[in-house]
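Engineer: Take this structure first; my questions come after.
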Amino acid sequence: MLENFHTNSVAPLMLTKAMLPLLKRAAAKETGMGIHRAAVINMSSLLGSVQLNCGEQANSFKWYPYRASKSALNMITRCLAVDFEEHGILCVALHPGWVRTDMGGPDAPLSTEESIASVLNVIGGLSERDHGSFLHYNGEELPW
Ligand SMILES: NC(=O)c1ccc[n+]([C@@H]2O[C@H](COP(=O)([O-])OP(=O)(O)OC[C@H]3O[C@@H](n4cnc5c(N)ncnc54)[C@H](OP(=O)(O)O)[C@@H]3O)[C@@H](O)[C@H]2O)c1
């Protein structure tokens with residue numbers, strides 16, 4: 001549990017803390033919200049959704065450490081969104097899809113190229129309305 005929290009929840013927060021002076025400096029030069037200004041994109045997972053962990057989906061992955069650490073990352077994203085709003089730094093949590101990586105395994109439907117192309121497209125279009133949201137790799141909003 002602690003190892004997962006360390007990697008998936010604590011590290012992204014500490015990294016953001018370390019980057020904050022640069023994020024603020026970038027944000028001071030622009031207006032609006034988006035990657036043209038300053039943004040924190042936390043790589044989360046559908047498995048971190050509390051709301052979606054019911055019914056059929058609930059039976060498939062009994063992975064307490066991963067799920068809980070991604071839920072924590074989602075809450076961290078919301079906390080950052082509240083704190084960074086006044087600085088104009090956009091914060092979102094994003095699910096990259098189920099991808100054929102070491103973690104995703106060979107049965108995943110998406111190649112890394114497909115996932116990343118879509119993720120970059122979504123990230124490129126982020127604005128004020130997305131601030132503090134949890135997004136699917138195709139840009140749709142996900143339930144917390
Ligand atoms: N693949 C999916 O289907 C999927 C779905 C939802 C969310 N995600 C998220 O997408 C992100 C990337 O996942 P992935 O599929 O690319 O996983 P992956 O193939 O297992 O790669 C994970 C990467 O994280 C690095 N890493 C792990 N623990 C670390 C630590 N303590 N310190 C520094 N680096 C560490 C690994 O480094 P080493 O190679 O050196 O071990 C590796 O490069 C993750 O946040 C994952 O939760 C993936």
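Chain labels follow the order of the structure tokens: the first chain is A, the next B, and so on; residue numbering restarts at 1 in every chain, and ligands are counted from 1 in their shown order.
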Can you pull out every residue within 12 Å of Lys29 (chain A), counting only C-alpha atoms, but drop anything in the same chain fewer than 4 positions away, and send it as an mmCIF file with C-alpha atoms, in the first residue's frame?
Structural biologist:
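Ended up saving to selection-v6.cif:
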```cif
data_model
loop_
_atom_site.group_PDB
_atom_site.id
_atom_site.type_symbol
_atom_site.label_atom_id
_atom_site.label_comp_id
_atom_site.auth_asym_id
_atom_site.auth_seq_id
_atom_site.Cartn_x
_atom_site.Cartn_y
_atom_site.Cartn_z
ATOM 1 C CA LEU A 22 8.307 27.632 -12.604
ATOM 2 C CA LEU A 23 4.558 27.105 -13.012
ATOM 3 C CA LYS A 24 3.883 30.491 -11.387
ATOM 4 C CA ARG A 25 6.506 32.187 -13.537
ATOM 5 C CA MET A 33 -6.075 28.664 -18.686
ATOM 6 C CA HIS A 36 -0.148 27.723 -23.333
ATOM 7 C CA ARG A 37 0.073 29.109 -19.785
ATOM 8 C CA ALA A 38 0.763 26.530 -17.055
ATOM 9 C CA HIS A 87 -2.523 31.658 -10.090
ATOM 10 C CA GLY A 88 -4.209 30.550 -13.333
ATOM 11 C CA ILE A 89 -2.518 27.138 -13.260
#
```
Engineer: List as a count of residues only the protein and nucleic acid residues lying within 12 Å of ligand 1, with only C-alpha atoms and all ligand atoms counted.
Structural biologist: 58
Engineer: Between CA of Ala117 (chain A) and CA of Leu20 (chain A), what is the spacing in Å?
Structural biologist: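 Rounded to one decimal, the two atoms are 26.8 Å apart.
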Engineer: Write out as number ranges by chain the set of residues from chain A that DSSP, computed on the backbone, places in strand (DSSP E).
Structural biologist: A: 39-43, 90-94, 134-135
Engineer: Would you mind exporting N, CA and C atoms of the selected residues as a short mmCIF file (atom, residue, chain, number, x, y, z; two decimals), in the first residue's frame?
Structural biologist:
```cif
data_model
loop_
_atom_site.label_atom_id
_atom_site.label_comp_id
_atom_site.auth_asym_id
_atom_site.auth_seq_id
_atom_site.Cartn_x
_atom_site.Cartn_y
_atom_site.Cartn_z
N ALA A 39 0.14 24.23 -16.62
CA ALA A 39 -0.82 23.16 -16.32
C ALA A 39 -0.16 22.00 -15.60
N VAL A 40 -0.95 21.38 -14.73
CA VAL A 40 -0.54 20.14 -14.06
C VAL A 40 -1.49 19.06 -14.55
N ILE A 41 -0.93 18.05 -15.25
CA ILE A 41 -1.75 16.95 -15.77
C ILE A 41 -1.34 15.69 -15.00
N ASN A 42 -2.17 15.26 -14.09
CA ASN A 42 -1.84 14.07 -13.31
C ASN A 42 -2.35 12.81 -14.01
N MET A 43 -1.44 11.88 -14.24
CA MET A 43 -1.81 10.64 -14.93
C MET A 43 -2.49 9.71 -13.93
N LEU A 90 -3.77 25.52 -14.53
CA LEU A 90 -4.82 24.52 -14.76
C LEU A 90 -4.39 23.15 -14.20
N CYS A 91 -5.32 22.45 -13.55
CA CYS A 91 -5.02 21.12 -13.00
C CYS A 91 -6.09 20.14 -13.43
N VAL A 92 -5.70 19.02 -13.99
CA VAL A 92 -6.64 17.95 -14.30
C VAL A 92 -6.03 16.59 -13.98
N ALA A 93 -6.91 15.61 -13.77
CA ALA A 93 -6.50 14.21 -13.66
C ALA A 93 -6.96 13.54 -14.96
N LEU A 94 -6.10 12.70 -15.53
CA LEU A 94 -6.41 12.13 -16.84
C LEU A 94 -6.17 10.62 -16.88
N PHE A 134 -11.74 15.36 -14.07
CA PHE A 134 -11.17 14.01 -14.24
C PHE A 134 -11.59 13.57 -15.63
N LEU A 135 -10.61 13.43 -16.53
CA LEU A 135 -10.93 13.23 -17.94
C LEU A 135 -10.47 11.88 -18.47
#
```
Engineer: Select from region 46-102 of chain A everything DSSP, run on the backbone, classes as alpha helix (DSSP H), then give the selection as a list in words.
Structural biologist: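 After running DSSP on the backbone, region 46-102 of chain A has alpha helix (DSSP H) at Gly55, Glu56, Gln57, Ala58, Asn59, Ser60, Tyr64, Pro65, Tyr66, Arg67, Ala68, Ser69, Lys70, Ser71, Ala72, Leu73, Asn74, Met75, Ile76, Thr77, Arg78, Cys79, Leu80, Ala81, Val82, Asp83 and Phe84 of chain A.
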Engineer: Would you write out those residues with C-alpha atoms, as a tab-separated table (two decimals), in the first residue's frame?
Structural biologist:
```tsv
chain	number	residue	atom	x	y	z
A	55	GLY	CA	-21.27	-3.67	-10.63
A	56	GLU	CA	-19.29	-5.52	-13.29
A	57	GLN	CA	-16.26	-3.23	-13.11
A	58	ALA	CA	-15.93	-3.84	-9.35
A	59	ASN	CA	-15.35	-7.56	-9.84
A	60	SER	CA	-12.58	-7.28	-12.38
A	64	TYR	CA	-6.52	-2.15	-3.39
A	65	PRO	CA	-3.13	-0.37	-3.42
A	66	TYR	CA	-3.37	0.88	-7.00
A	67	ARG	CA	-7.03	1.88	-6.84
A	68	ALA	CA	-6.64	3.70	-3.52
A	69	SER	CA	-3.45	5.51	-4.58
A	70	LYS	CA	-5.13	6.77	-7.78
A	71	SER	CA	-8.21	7.90	-5.81
A	72	ALA	CA	-5.78	9.83	-3.60
A	73	LEU	CA	-4.18	11.34	-6.70
A	74	ASN	CA	-7.63	12.42	-7.89
A	75	MET	CA	-8.26	14.20	-4.60
A	76	ILE	CA	-4.80	15.77	-4.75
A	77	THR	CA	-5.69	17.06	-8.22
A	78	ARG	CA	-8.84	18.67	-6.85
A	79	CYS	CA	-6.95	20.20	-3.91
A	80	LEU	CA	-4.34	21.61	-6.31
A	81	ALA	CA	-7.10	22.95	-8.58
A	82	VAL	CA	-8.56	24.89	-5.65
A	83	ASP	CA	-5.16	26.23	-4.55
A	84	PHE	CA	-3.86	27.05	-8.03
```
Engineer: Which polymer residues have any atom within 9 Å of an atom of Ile123 (chain A), counting only C-alpha atoms, with same-chain residues fewer than 5 positions away left out, as a list in words?
Structural biologist: Gly34, Ile35, Ile41, Ser118 and Gly139 of chain A
Engineer: Could you dump the residues just selected with C-alpha atoms as an mmCIF file, in the first residue's frame?
Structural biologist:
```cif
data_model
loop_
_atom_site.group_PDB
_atom_site.id
_atom_site.type_symbol
_atom_site.label_atom_id
_atom_site.label_comp_id
_atom_site.auth_asym_id
_atom_site.auth_seq_id
_atom_site.Cartn_x
_atom_site.Cartn_y
_atom_site.Cartn_z
ATOM 1 C CA GLY A 34 -4.387 25.892 -20.633
ATOM 2 C CA ILE A 35 -1.058 24.424 -21.627
ATOM 3 C CA ILE A 41 -1.751 16.945 -15.767
ATOM 4 C CA SER A 118 -5.401 11.174 -28.078
ATOM 5 C CA GLY A 139 -11.705 14.079 -23.518
#
```
